[in-house]
$ cat run10.txt   # compact mmCIF, C-alpha atoms (C1' of nucleotides) and all ligand atoms
# COMPACT_ATOMS: atom_id res chain seq x y z
CA MET X 1 14.47 -7.02 -16.49
CA HIS X 2 16.89 -8.87 -18.70
CA SER X 3 15.76 -10.73 -21.79
CA PRO X 4 14.01 -14.07 -21.25
CA ASP X 5 17.15 -15.83 -22.43
CA VAL X 6 19.39 -14.07 -19.99
CA VAL X 7 16.97 -14.61 -17.16
CA ALA X 8 16.74 -18.26 -18.10
CA THR X 9 20.51 -18.51 -17.86
CA LYS X 10 20.53 -16.82 -14.47
CA TYR X 11 17.92 -19.30 -13.33
CA LYS X 12 20.00 -22.28 -14.35
CA GLU X 13 23.09 -20.83 -12.78
CA GLN X 14 21.21 -20.73 -9.55
CA GLY X 15 20.10 -24.32 -9.81
CA ARG X 16 16.54 -23.36 -10.65
CA ARG X 17 14.69 -25.24 -13.34
CA LEU X 18 13.28 -23.90 -16.54
CA THR X 19 9.62 -24.78 -16.56
CA PRO X 20 7.09 -23.82 -19.21
CA GLN X 21 5.35 -21.64 -16.65
CA ARG X 22 8.48 -19.68 -15.90
CA LYS X 23 9.40 -19.26 -19.54
CA LEU X 24 5.96 -17.91 -20.29
CA LEU X 25 6.10 -15.48 -17.41
CA PHE X 26 9.57 -14.27 -18.41
CA ASN X 27 8.16 -13.46 -21.83
CA LEU X 28 5.08 -11.76 -20.49
CA MET X 29 7.06 -9.56 -18.15
CA HIS X 30 9.88 -8.66 -20.50
CA ASN X 31 9.42 -5.15 -21.83
CA ASN X 32 6.03 -5.07 -20.16
CA GLU X 33 5.31 -1.43 -19.35
CA SER X 34 1.83 -1.96 -17.98
CA HIS X 35 2.97 -2.54 -14.40
CA PRO X 36 0.62 -5.51 -14.09
CA THR X 37 -0.74 -7.00 -10.91
CA ALA X 38 -0.24 -10.67 -10.19
CA GLU X 39 -3.87 -11.24 -11.04
CA GLY X 40 -3.54 -9.36 -14.33
CA LEU X 41 -0.45 -11.26 -15.29
CA PHE X 42 -2.20 -14.45 -14.34
CA GLU X 43 -5.02 -13.67 -16.74
CA GLU X 44 -2.60 -12.99 -19.55
CA ALA X 45 -0.69 -16.14 -18.80
CA SER X 46 -3.88 -18.17 -18.64
CA LYS X 47 -4.67 -17.29 -22.24
CA ARG X 48 -1.48 -18.91 -23.39
CA MET X 49 -1.36 -21.62 -20.78
CA PRO X 50 -4.79 -22.54 -19.45
CA GLY X 51 -4.47 -24.13 -16.06
CA ILE X 52 -1.44 -22.22 -14.88
CA SER X 53 -1.87 -21.44 -11.21
CA LEU X 54 -2.14 -18.00 -9.71
CA ARG X 55 0.08 -19.37 -6.98
CA THR X 56 2.81 -20.03 -9.53
CA VAL X 57 2.54 -16.50 -10.84
CA TYR X 58 3.03 -15.09 -7.36
CA GLN X 59 5.87 -17.50 -6.81
CA THR X 60 7.70 -16.59 -9.98
CA LEU X 61 7.22 -12.88 -9.45
CA GLU X 62 8.73 -13.27 -6.01
CA GLU X 63 11.73 -15.07 -7.46
CA LEU X 64 12.27 -12.42 -10.10
CA SER X 65 12.05 -9.80 -7.43
CA GLU X 66 14.61 -11.53 -5.24
CA MET X 67 16.88 -11.82 -8.24
CA GLY X 68 16.56 -8.12 -8.84
CA GLU X 69 14.91 -8.60 -12.21
CA ILE X 70 11.72 -6.82 -11.32
CA GLN X 71 10.51 -4.28 -8.80
CA LEU X 72 7.39 -4.20 -6.63
CA MET X 73 5.18 -1.20 -6.28
CA HIS X 74 2.49 -0.51 -3.74
CA CYS X 75 0.85 2.51 -5.17
CA ASP X 76 -2.76 3.03 -4.24
CA GLY X 77 -3.30 0.44 -1.58
CA GLY X 78 -4.67 -2.04 -4.04
CA ALA X 79 -2.79 -5.02 -5.40
CA VAL X 80 0.96 -4.83 -5.78
CA ARG X 81 2.12 -3.96 -9.26
CA PHE X 82 5.19 -5.52 -10.77
CA ASP X 83 7.70 -3.58 -12.79
CA PRO X 84 10.38 -5.08 -15.03
CA ASN X 85 11.99 -1.67 -15.22
CA VAL X 86 14.51 -1.64 -12.42
CA ASP X 87 16.28 1.54 -13.46
CA GLU X 88 15.91 4.43 -11.09
CA HIS X 89 12.62 5.93 -12.11
CA HIS X 90 9.33 7.19 -10.76
CA HIS X 91 5.68 6.97 -11.68
CA ALA X 92 2.63 8.84 -12.84
CA VAL X 93 -0.76 7.39 -11.99
CA CYS X 94 -3.90 8.22 -13.86
CA ALA X 95 -6.64 8.64 -11.27
CA GLU X 96 -9.21 7.65 -13.85
CA THR X 97 -7.83 4.50 -15.35
CA GLY X 98 -5.32 3.50 -12.74
CA GLU X 99 -2.70 3.27 -15.46
CA LEU X 100 0.88 3.61 -14.32
CA PHE X 101 3.53 5.34 -16.39
CA ASP X 102 7.25 5.50 -15.94
CA VAL X 103 8.65 8.92 -15.18
CA TYR X 104 12.29 9.88 -15.15
CA VAL X 105 13.33 12.68 -12.87
CA ASP X 106 16.87 13.89 -13.21
CA ASN X 107 17.30 16.33 -10.39
CA ILE X 108 16.00 14.64 -7.29
CA ASP X 109 19.11 15.67 -5.44
CA SER X 110 18.04 19.26 -5.68
CA LEU X 111 14.98 18.75 -3.50
CA ARG X 112 15.07 20.75 -0.31
CA ALA X 113 13.47 18.57 2.30
CA GLN X 114 13.18 19.01 6.03
CA LEU X 115 13.92 15.48 7.09
CA PRO X 116 13.76 14.25 10.67
CA ALA X 117 16.99 14.51 12.60
CA GLY X 118 19.26 11.58 11.92
CA PHE X 119 17.24 10.21 9.06
CA GLU X 120 19.41 8.58 6.42
CA VAL X 121 17.75 8.55 3.05
CA GLN X 122 18.38 5.42 1.04
CA ASN X 123 15.97 5.95 -1.73
CA VAL X 124 13.29 8.40 -2.81
CA SER X 125 10.12 7.57 -4.66
CA ILE X 126 7.94 10.11 -6.34
CA VAL X 127 4.44 9.55 -7.59
CA PHE X 128 2.70 12.04 -9.82
CA HIS X 129 -1.04 11.72 -9.37
CA GLY X 130 -3.19 13.14 -12.10
CA ARG X 131 -4.83 12.11 -15.29
CA VAL X 132 -4.19 11.78 -18.95
CA ALA X 133 -5.87 14.61 -20.79
CA LYS X 134 -8.78 13.01 -22.58
CA SER X 135 -9.44 15.24 -25.55
CA ALA X 136 -8.21 18.81 -26.10
CA PRO X 137 -4.99 17.37 -27.44
CA ARG X 138 -3.92 20.41 -29.40
CA THR X 139 -5.35 23.31 -27.45
CA ALA X 140 -1.91 24.77 -27.30
CA ARG X 141 -2.18 25.39 -23.58
CA SER X 142 -2.71 21.76 -22.79
CA ALA X 143 0.91 20.98 -23.40
CA ARG X 144 2.06 22.52 -20.15
CA ILE X 145 3.23 19.37 -18.56
CA THR X 146 5.66 17.76 -20.99
CA THR X 147 5.51 15.59 -23.97
CA LYS X 148 7.46 12.54 -23.07
CA SER X 149 8.41 11.67 -26.62
CA PRO X 150 10.60 14.60 -27.72
CA ALA X 151 12.79 13.89 -24.73
CA ARG X 152 11.77 17.30 -23.52
CA GLN X 153 11.65 18.01 -19.87
CA GLN X 154 9.53 20.35 -17.93
CA THR X 155 9.24 21.80 -14.52
CA VAL X 156 6.46 20.14 -12.64
CA ARG X 157 3.38 22.17 -12.08
CA ALA X 158 1.43 20.26 -9.45
CA LYS X 159 -1.39 21.35 -7.21
CA SER X 160 1.22 23.32 -5.37
CA ALA X 161 -0.85 26.30 -6.41
CA LYS X 162 -2.44 28.04 -3.47
CA ARG X 163 -4.64 25.53 -1.73
CA THR X 164 -6.56 27.20 1.05
CA PRO X 165 -3.81 27.64 3.66
CA ARG X 166 -5.21 25.19 6.17
CA ARG X 167 -3.73 26.55 9.32
CA THR X 168 -4.95 24.12 11.94
CA SER X 169 -3.10 22.66 14.82
CA ARG X 170 0.18 21.24 13.64
CA GLY X 171 2.69 23.94 12.92
CA SER X 172 3.73 26.22 15.72
CA ASN X 173 0.52 28.13 15.22
CA THR X 174 -2.90 27.48 16.71
CA MET U 1 -7.19 18.22 11.60
CA HIS U 2 -9.00 20.91 13.51
CA SER U 3 -9.30 20.82 17.28
CA PRO U 4 -11.76 18.33 18.76
CA ASP U 5 -14.10 21.20 19.56
CA VAL U 6 -14.09 22.54 16.05
CA VAL U 7 -14.56 19.10 14.59
CA ALA U 8 -17.41 18.51 16.99
CA THR U 9 -19.07 21.67 15.76
CA LYS U 10 -18.64 20.64 12.14
CA TYR U 11 -20.21 17.32 13.00
CA LYS U 12 -23.29 18.95 14.51
CA GLU U 13 -23.61 21.34 11.61
CA GLN U 14 -23.82 18.33 9.38
CA GLY U 15 -26.50 16.69 11.45
CA ARG U 16 -24.12 14.13 12.84
CA ARG U 17 -24.32 13.20 16.50
CA LEU U 18 -21.65 13.61 19.09
CA THR U 19 -21.05 10.23 20.59
CA PRO U 20 -18.50 9.31 23.23
CA GLN U 21 -16.73 7.15 20.65
CA ARG U 22 -16.35 10.02 18.23
CA LYS U 23 -15.21 12.45 20.89
CA LEU U 24 -12.56 10.01 22.00
CA LEU U 25 -11.33 9.44 18.48
CA PHE U 26 -11.19 13.17 17.77
CA ASN U 27 -8.95 13.54 20.77
CA LEU U 28 -6.76 10.62 19.87
CA MET U 29 -6.23 11.85 16.34
CA HIS U 30 -5.73 15.51 17.11
CA ASN U 31 -2.06 16.39 16.93
CA ASN U 32 -1.29 12.73 16.49
CA GLU U 33 1.92 12.54 14.51
CA SER U 34 2.28 8.77 14.59
CA HIS U 35 0.29 8.17 11.44
CA PRO U 36 -1.59 5.33 13.13
CA THR U 37 -3.39 2.49 11.45
CA ALA U 38 -7.05 1.82 12.22
CA GLU U 39 -5.98 -1.12 14.31
CA GLY U 40 -3.43 0.93 16.22
CA LEU U 41 -5.90 3.68 16.91
CA PHE U 42 -8.41 1.05 17.98
CA GLU U 43 -5.96 -0.26 20.55
CA GLU U 44 -5.36 3.20 21.94
CA ALA U 45 -9.06 3.89 22.02
CA SER U 46 -9.75 0.59 23.72
CA LYS U 47 -7.60 1.60 26.67
CA ARG U 48 -9.81 4.54 27.36
CA MET U 49 -13.03 2.97 26.24
CA PRO U 50 -13.01 -0.82 26.53
CA GLY U 51 -15.58 -2.29 24.21
CA ILE U 52 -15.35 0.30 21.46
CA SER U 53 -15.62 -1.44 18.14
CA LEU U 54 -12.95 -1.57 15.49
CA ARG U 55 -15.78 -1.05 13.03
CA THR U 56 -16.56 2.27 14.66
CA VAL U 57 -12.96 3.35 14.38
CA TYR U 58 -12.95 2.62 10.66
CA GLN U 59 -16.27 4.38 10.34
CA THR U 60 -15.16 7.51 12.10
CA LEU U 61 -11.89 7.66 10.23
CA GLU U 62 -13.82 7.46 7.00
CA GLU U 63 -16.04 10.34 8.08
CA LEU U 64 -13.09 12.49 9.07
CA SER U 65 -11.50 11.74 5.74
CA GLU U 66 -14.63 12.70 3.81
CA MET U 67 -14.77 15.90 5.80
CA GLY U 68 -11.20 16.66 4.86
CA GLU U 69 -10.03 16.51 8.45
CA ILE U 70 -7.57 13.69 7.91
CA GLN U 71 -5.66 12.12 5.07
CA LEU U 72 -5.16 8.48 4.12
CA MET U 73 -1.80 7.01 3.25
CA HIS U 74 -1.04 3.73 1.60
CA CYS U 75 2.67 3.51 2.05
CA ASP U 76 4.05 0.02 2.12
CA GLY U 77 1.12 -2.07 1.09
CA GLY U 78 0.18 -2.85 4.66
CA ALA U 79 -2.66 -1.24 6.54
CA VAL U 80 -3.67 2.28 5.65
CA ARG U 81 -2.24 4.96 7.90
CA PHE U 82 -4.24 7.97 8.90
CA ASP U 83 -2.82 11.45 9.04
CA PRO U 84 -4.43 14.43 10.78
CA ASN U 85 -1.94 16.66 9.03
CA VAL U 86 -3.65 17.73 5.84
CA ASP U 87 -1.17 20.41 4.92
CA GLU U 88 0.82 19.74 1.80
CA HIS U 89 3.62 17.56 3.02
CA HIS U 90 5.49 14.36 2.31
CA HIS U 91 6.88 11.45 4.29
CA ALA U 92 9.97 9.64 5.42
CA VAL U 93 9.63 5.97 6.30
CA CYS U 94 12.04 4.13 8.53
CA ALA U 95 12.62 0.74 6.95
CA GLU U 96 13.45 -0.68 10.34
CA THR U 97 10.62 0.47 12.54
CA GLY U 98 8.04 1.40 9.96
CA GLU U 99 7.74 4.80 11.61
CA LEU U 100 6.43 7.57 9.39
CA PHE U 101 7.63 11.14 9.66
CA ASP U 102 6.30 14.29 8.09
CA VAL U 103 8.60 15.95 5.61
CA TYR U 104 8.16 19.36 4.10
CA VAL U 105 9.57 19.95 0.67
CA ASP U 106 9.50 23.48 -0.58
CA ASN U 107 10.70 23.25 -4.13
CA ILE U 108 8.72 20.47 -5.73
CA ASP U 109 8.03 22.73 -8.65
CA SER U 110 11.66 22.62 -9.60
CA LEU U 111 11.60 18.92 -10.38
CA ARG U 112 12.39 18.15 -13.98
CA ALA U 113 10.24 15.19 -14.87
CA GLN U 114 9.60 13.51 -18.18
CA LEU U 115 5.90 12.95 -17.86
CA PRO U 116 3.80 11.07 -20.39
CA ALA U 117 2.29 13.22 -23.12
CA GLY U 118 -0.91 14.87 -22.01
CA PHE U 119 -0.56 13.94 -18.37
CA GLU U 120 -1.99 16.60 -16.07
CA VAL U 121 -0.40 16.48 -12.65
CA GLN U 122 -2.81 17.18 -9.83
CA ASN U 123 -0.62 16.27 -6.95
CA VAL U 124 2.81 14.87 -6.22
CA SER U 125 3.75 12.64 -3.34
CA ILE U 126 7.27 11.95 -2.28
CA VAL U 127 8.39 9.23 0.07
CA PHE U 128 11.89 9.14 1.49
CA HIS U 129 12.79 5.58 2.34
CA GLY U 130 15.63 5.12 4.76
CA ARG U 131 16.26 4.76 8.42
CA VAL U 132 16.77 6.74 11.54
CA ALA U 133 20.39 6.60 12.58
CA LYS U 134 20.36 4.32 15.60
CA SER U 135 23.18 5.39 17.86
CA ALA U 136 25.87 7.97 17.12
CA PRO U 137 23.34 10.58 18.14
CA ARG U 138 25.70 13.37 18.99
CA THR U 139 28.77 12.40 17.04
CA ALA U 140 28.69 15.73 15.32
CA ARG U 141 28.97 14.12 11.92
CA SER U 142 25.73 12.28 12.30
CA ALA U 143 23.79 15.40 11.53
CA ARG U 144 24.38 15.16 7.82
CA ILE U 145 20.83 14.84 6.81
CA THR U 146 19.07 17.69 8.49
CA THR U 147 17.85 18.48 11.90
CA LYS U 148 14.17 18.98 11.51
CA SER U 149 13.80 21.16 14.56
CA PRO U 150 15.83 24.28 13.71
CA ALA U 151 13.79 24.65 10.56
CA ARG U 152 16.97 23.94 8.70
CA GLN U 153 16.79 22.51 5.27
CA GLN U 154 19.13 20.41 3.29
CA THR U 155 19.54 19.18 -0.18
CA VAL U 156 18.49 15.58 -0.31
CA ARG U 157 21.29 13.13 -0.61
CA ALA U 158 19.55 9.92 -1.53
CA LYS U 159 21.08 6.63 -2.54
CA SER U 160 22.55 8.46 -5.45
CA ALA U 161 25.33 9.48 -3.14
CA LYS U 162 28.56 7.53 -2.91
CA ARG U 163 28.75 6.81 0.80
CA THR U 164 31.29 9.33 1.92
CA PRO U 165 30.34 9.58 5.59
CA ARG U 166 32.92 12.20 6.16
CA ARG U 167 31.25 15.27 4.79
CA THR U 168 30.72 17.47 7.82
CA SER U 169 28.71 19.95 5.84
CA ARG U 170 26.19 20.58 8.53
CA GLY U 171 27.87 23.77 9.62
CA SER U 172 26.49 25.78 6.72
CA ASN U 173 23.76 27.26 8.83
CA THR U 174 23.52 29.41 11.88
C1' DT A 1 -39.95 11.38 29.12
C1' DG A 2 -40.46 9.64 24.41
C1' DC A 3 -39.55 9.47 19.63
C1' DT A 4 -37.06 9.32 15.65
C1' DT A 5 -33.19 8.32 13.37
C1' DA A 6 -28.25 8.37 13.50
C1' DT A 7 -24.72 5.33 15.32
C1' DT A 8 -22.52 1.43 17.14
C1' DT A 9 -21.53 -3.26 16.89
C1' DG A 10 -20.94 -8.03 15.68
C1' DC A 11 -20.38 -10.88 12.01
C1' DA A 12 -20.20 -12.25 7.29
C1' DA A 13 -17.86 -11.42 3.06
C1' DA A 14 -14.41 -9.45 -0.08
C1' DT A 15 -9.39 -8.58 -1.21
C1' DA A 16 -4.86 -9.68 -1.67
C1' DG A 17 -1.61 -12.60 -0.44
C1' DT A 18 1.08 -16.41 2.05
C1' DG A 19 2.07 -21.23 4.19
C1' DC A 20 1.98 -25.96 3.38
C1' DG A 21 2.35 -30.36 1.49
C1' DA A 22 1.09 -33.78 -1.98
C1' DA A 23 1.56 -34.56 -6.79
C1' DC A 24 4.37 -33.58 -10.63
C1' DT A 25 8.41 -32.96 -13.59
C1' DA A 26 13.00 -30.96 -15.20
C1' DC A 27 17.15 -32.64 -15.92
C1' DA A 28 21.55 -34.82 -14.39
C1' DT A 29 23.19 -39.40 -14.59
C1' DA A 30 23.69 -44.18 -15.81
C1' DT G 1 16.38 -43.82 -23.13
C1' DA G 2 15.25 -45.05 -18.40
C1' DT G 3 15.67 -43.59 -13.54
C1' DG G 4 16.16 -40.91 -9.39
C1' DT G 5 15.71 -36.88 -7.01
C1' DA G 6 15.20 -32.44 -5.78
C1' DG G 7 13.00 -28.40 -7.43
C1' DT G 8 8.13 -26.88 -8.94
C1' DT G 9 3.47 -26.47 -9.44
C1' DC G 10 -0.89 -26.24 -7.60
C1' DG G 11 -4.88 -26.56 -4.62
C1' DC G 12 -6.43 -25.17 -0.39
C1' DA G 13 -6.46 -23.48 4.07
C1' DC G 14 -5.51 -19.42 6.44
C1' DT G 15 -3.99 -14.50 7.56
C1' DA G 16 -4.61 -9.63 7.24
C1' DT G 17 -7.39 -5.52 6.00
C1' DT G 18 -11.37 -3.54 5.13
C1' DT G 19 -16.22 -3.25 3.79
C1' DG G 20 -21.40 -4.66 3.76
C1' DC G 21 -25.31 -5.39 6.48
C1' DA G 22 -28.87 -5.22 9.85
C1' DA G 23 -30.24 -5.61 14.60
C1' DA G 24 -29.54 -3.29 18.91
C1' DT G 25 -28.54 1.08 20.97
C1' DA G 26 -28.59 5.80 22.07
C1' DA G 27 -28.14 11.05 20.79
C1' DG G 28 -30.84 15.06 20.68
C1' DC G 29 -35.14 17.35 20.07
C1' DA G 30 -40.18 17.96 21.19
MN MN C 1 -4.60 -1.91 2.22
MN MN C 2 -1.24 -5.21 -0.94
ZN ZN C 3 7.90 1.67 -13.68
ZN ZN C 4 2.01 13.09 7.53
$ encode --input "run10.txt" --output "structure tokens"
Amino acid sequence: MHSPDVVATKYKEQGRRLTPQRKLLFNLMHNNESHPTAEGLFEEASKRMPGISLRTVYQTLEELSEMGEIQLMHCDGGAVRFDPNVDEHHHAVCAETGELFDVYVDNIDSLRAQLPAGFEVQNVSIVFHGRVAKSAPRTARSARITTKSPARQQTVRAKSAKRTPRRTSRGSNT
Amino acid sequence: MHSPDVVATKYKEQGRRLTPQRKLLFNLMHNNESHPTAEGLFEEASKRMPGISLRTVYQTLEELSEMGEIQLMHCDGGAVRFDPNVDEHHHAVCAETGELFDVYVDNIDSLRAQLPAGFEVQNVSIVFHGRVAKSAPRTARSARITTKSPARQQTVRAKSAKRTPRRTSRGSNT
DNA sequence: TGCTTATTTGCAAATAGTGCGAACTACATA
DNA sequence: TATGTAGTTCGCACTATTTGCAAATAAGCA
């Protein structure tokens, strides 16, 4: 999402008005990496502007989405989460806290997928489900996954292990 | 999901009773590749057993899920879709029809992702958003993406591509 | 056949939004 | 600065999904 000022300008250019509610929401969403829900954003906004309506929050989020300033995410079936980061990126969800983190994947094109015949892929979304290691921060072997900070990358090591080969109906087998 | 008979046996072993409703639902879910919603399954079930309750459908789906016989999917924020395929697989969603297709990806481990520090990945889910090519079914060049049937695989070519619908690369295989 | 208890069902309630219109106000204009 | 008007806000009803609850029903065993 662009800076509040830039968004404000875009709003005016489109004949939209700059209301205190909108300005506040622009500020709350800008650089917001928490992927808040409408309700969560509403609570934050209410602190600064008691009386603001949840309806207005939904409304403004919808506008920002239509303007391409934010993205919507349906991750776990709960409330939609709004993301001011519209760059191509993916997410990691902590099963414990529900926190959402941005994840950049640079070689999606290398995936070998058996897509249905005639299916034209427009966009791929990847969600890494897991959890943030509570303690054991320096156990040496806990750093298998990647430390985001040093811009270091690492091959994913998901559950892909050897889950009991559930050979039921589906495949050609019986 | 195991065959209706096997599931029935598991039910008895757990002290659960075999009711006509459950038997019907086992049959409707077995080998069902449509990833139905509770409501959709309820409609199907109602044809065969008028009067069955939507509540019972939800109930039974929950049981099957707890028993590991089916999987739940929250894909677009709408109703949950139930999947009797519990093998490790992913999905392709047609933006037009909402249809869900199973997609097998065999090299997830090769993804280079910048995960947050200390994040332990337990499972990765990939969703290919796109659409099934309407017409042009046999135009020879329409097979760019992969024909699921011949167990042929293809490198994903998501939106990252630059729309060059002329690449007749599908001949690479036998 | 009867009993006991699991199951089914109808209905209320919870979630997460959306549709609508009356009241309100940003802001261009005089 | 006052005024007009169309864009906004906001409350509220209403939809869509799903879950909670308890009375009515019915498997499965003695
Ligand atoms: Mn849902
Ligand atoms: Mn939702
Ligand atoms: Zn994000
Ligand atoms: Zn599936």
$ residues_around --input "run10.txt" --residues "Gln59 of chain X" --least-positions-apart "4" --cutoff "12 Å" --atoms "all atoms listed in the file" --output "ChimeraX atom specification"
/X:21-22,25,38,42,52-55,63-66 /A:17-18 /G:8-10
$ interface_residues --input "run10.txt" --of "chain X" --to "chain A" --cutoff "12 Å" --atoms "only C-alpha atoms (C1' of nucleotides)" --output "PDB file with C-alpha atoms, in the coordinates of the input"
ATOM      1  CA  LYS X  12      20.000 -22.280 -14.350  1.00  0.00           C
ATOM      2  CA  GLY X  15      20.100 -24.320  -9.810  1.00  0.00           C
ATOM      3  CA  ARG X  16      16.540 -23.360 -10.650  1.00  0.00           C
ATOM      4  CA  ARG X  17      14.690 -25.240 -13.340  1.00  0.00           C
ATOM      5  CA  LEU X  18      13.280 -23.900 -16.540  1.00  0.00           C
ATOM      6  CA  THR X  19       9.620 -24.780 -16.560  1.00  0.00           C
ATOM      7  CA  PRO X  20       7.090 -23.820 -19.210  1.00  0.00           C
ATOM      8  CA  THR X  37      -0.740  -7.000 -10.910  1.00  0.00           C
ATOM      9  CA  ALA X  38      -0.240 -10.670 -10.190  1.00  0.00           C
ATOM     10  CA  GLU X  39      -3.870 -11.240 -11.040  1.00  0.00           C
ATOM     11  CA  LEU X  54      -2.140 -18.000  -9.710  1.00  0.00           C
ATOM     12  CA  ARG X  55       0.080 -19.370  -6.980  1.00  0.00           C
ATOM     13  CA  VAL X  57       2.540 -16.500 -10.840  1.00  0.00           C
ATOM     14  CA  TYR X  58       3.030 -15.090  -7.360  1.00  0.00           C
ATOM     15  CA  GLN X  59       5.870 -17.500  -6.810  1.00  0.00           C
ATOM     16  CA  GLU X  62       8.730 -13.270  -6.010  1.00  0.00           C
ATOM     17  CA  HIS X  74       2.490  -0.510  -3.740  1.00  0.00           C
ATOM     18  CA  GLY X  77      -3.300   0.440  -1.580  1.00  0.00           C
ATOM     19  CA  GLY X  78      -4.670  -2.040  -4.040  1.00  0.00           C
ATOM     20  CA  ALA X  79      -2.790  -5.020  -5.400  1.00  0.00           C
ATOM     21  CA  VAL X  80       0.960  -4.830  -5.780  1.00  0.00           C
ATOM     22  CA  ARG X  81       2.120  -3.960  -9.260  1.00  0.00           C
TER      23      ARG X  81
END
$ closest_residue --input "run10.txt" --among "X:Met29, X:Val103, X:Val7, X:Leu72" --to "ligand MN 2 (chain C)" --atoms "only C-alpha atoms and all ligand atoms"
X:Leu72
$ residues_near_ligand --input "run10.txt" --ligand "ligand ZN 3 (chain C)" --cutoff "8 Å" --atoms "only C-alpha atoms (C1' of nucleotides) and all ligand atoms" --output "PyMOL selection string"
chain X and resi 33+35+83-86+89-91+100-103
$ write_last_selection --input "run10.txt" --atoms "C-alpha atoms" --output "PDB file, keeping the file's coordinate frame"
ATOM      1  CA  GLU X  33       5.310  -1.430 -19.350  1.00  0.00           C
ATOM      2  CA  HIS X  35       2.970  -2.540 -14.400  1.00  0.00           C
ATOM      3  CA  ASP X  83       7.700  -3.580 -12.790  1.00  0.00           C
ATOM      4  CA  PRO X  84      10.380  -5.080 -15.030  1.00  0.00           C
ATOM      5  CA  ASN X  85      11.990  -1.670 -15.220  1.00  0.00           C
ATOM      6  CA  VAL X  86      14.510  -1.640 -12.420  1.00  0.00           C
ATOM      7  CA  HIS X  89      12.620   5.930 -12.110  1.00  0.00           C
ATOM      8  CA  HIS X  90       9.330   7.190 -10.760  1.00  0.00           C
ATOM      9  CA  HIS X  91       5.680   6.970 -11.680  1.00  0.00           C
ATOM     10  CA  LEU X 100       0.880   3.610 -14.320  1.00  0.00           C
ATOM     11  CA  PHE X 101       3.530   5.340 -16.390  1.00  0.00           C
ATOM     12  CA  ASP X 102       7.250   5.500 -15.940  1.00  0.00           C
ATOM     13  CA  VAL X 103       8.650   8.920 -15.180  1.00  0.00           C
TER      14      VAL X 103
END
$ closest_residue --input "run10.txt" --among "U:Ala45, U:Asp76, U:Thr56, U:Leu28" --to "ligand MN 2 (chain C)" --atoms "only C-alpha atoms and all ligand atoms"
U:Asp76
$ residues_near_point --input "run10.txt" --point "(3.9, 24.2, 3.9)" --cutoff "7 Å" --atoms "only C-alpha atoms (C1' of nucleotides)" --output "PDB file with C-alpha atoms, in the frame of the given file"
ATOM      1  CA  ASP U  87      -1.170  20.410   4.920  1.00  0.00           C
ATOM      2  CA  GLU U  88       0.820  19.740   1.800  1.00  0.00           C
ATOM      3  CA  HIS U  89       3.620  17.560   3.020  1.00  0.00           C
ATOM      4  CA  TYR U 104       8.160  19.360   4.100  1.00  0.00           C
TER       5      TYR U 104
END
$ atom_distance --input "run10.txt" --atom1 "atom CA of Gln14 of chain U" --atom2 "atom C1' of DA23 of chain G"
25.3 Å
$ atom_distance --input "run10.txt" --atom1 "atom CA of Cys94 of chain X" --atom2 "atom CA of Val132 of chain X"
6.2 Å
$ closest_residue --input "run10.txt" --among "X:Leu24, X:Ile126, X:Lys134, X:Asn31" --to "chain U" --atoms "only C-alpha atoms"
X:Ile126
$ atom_distance --input "run10.txt" --atom1 "atom CA of Gly130 of chain U" --atom2 "atom CA of Glu96 of chain U"
8.3 Å
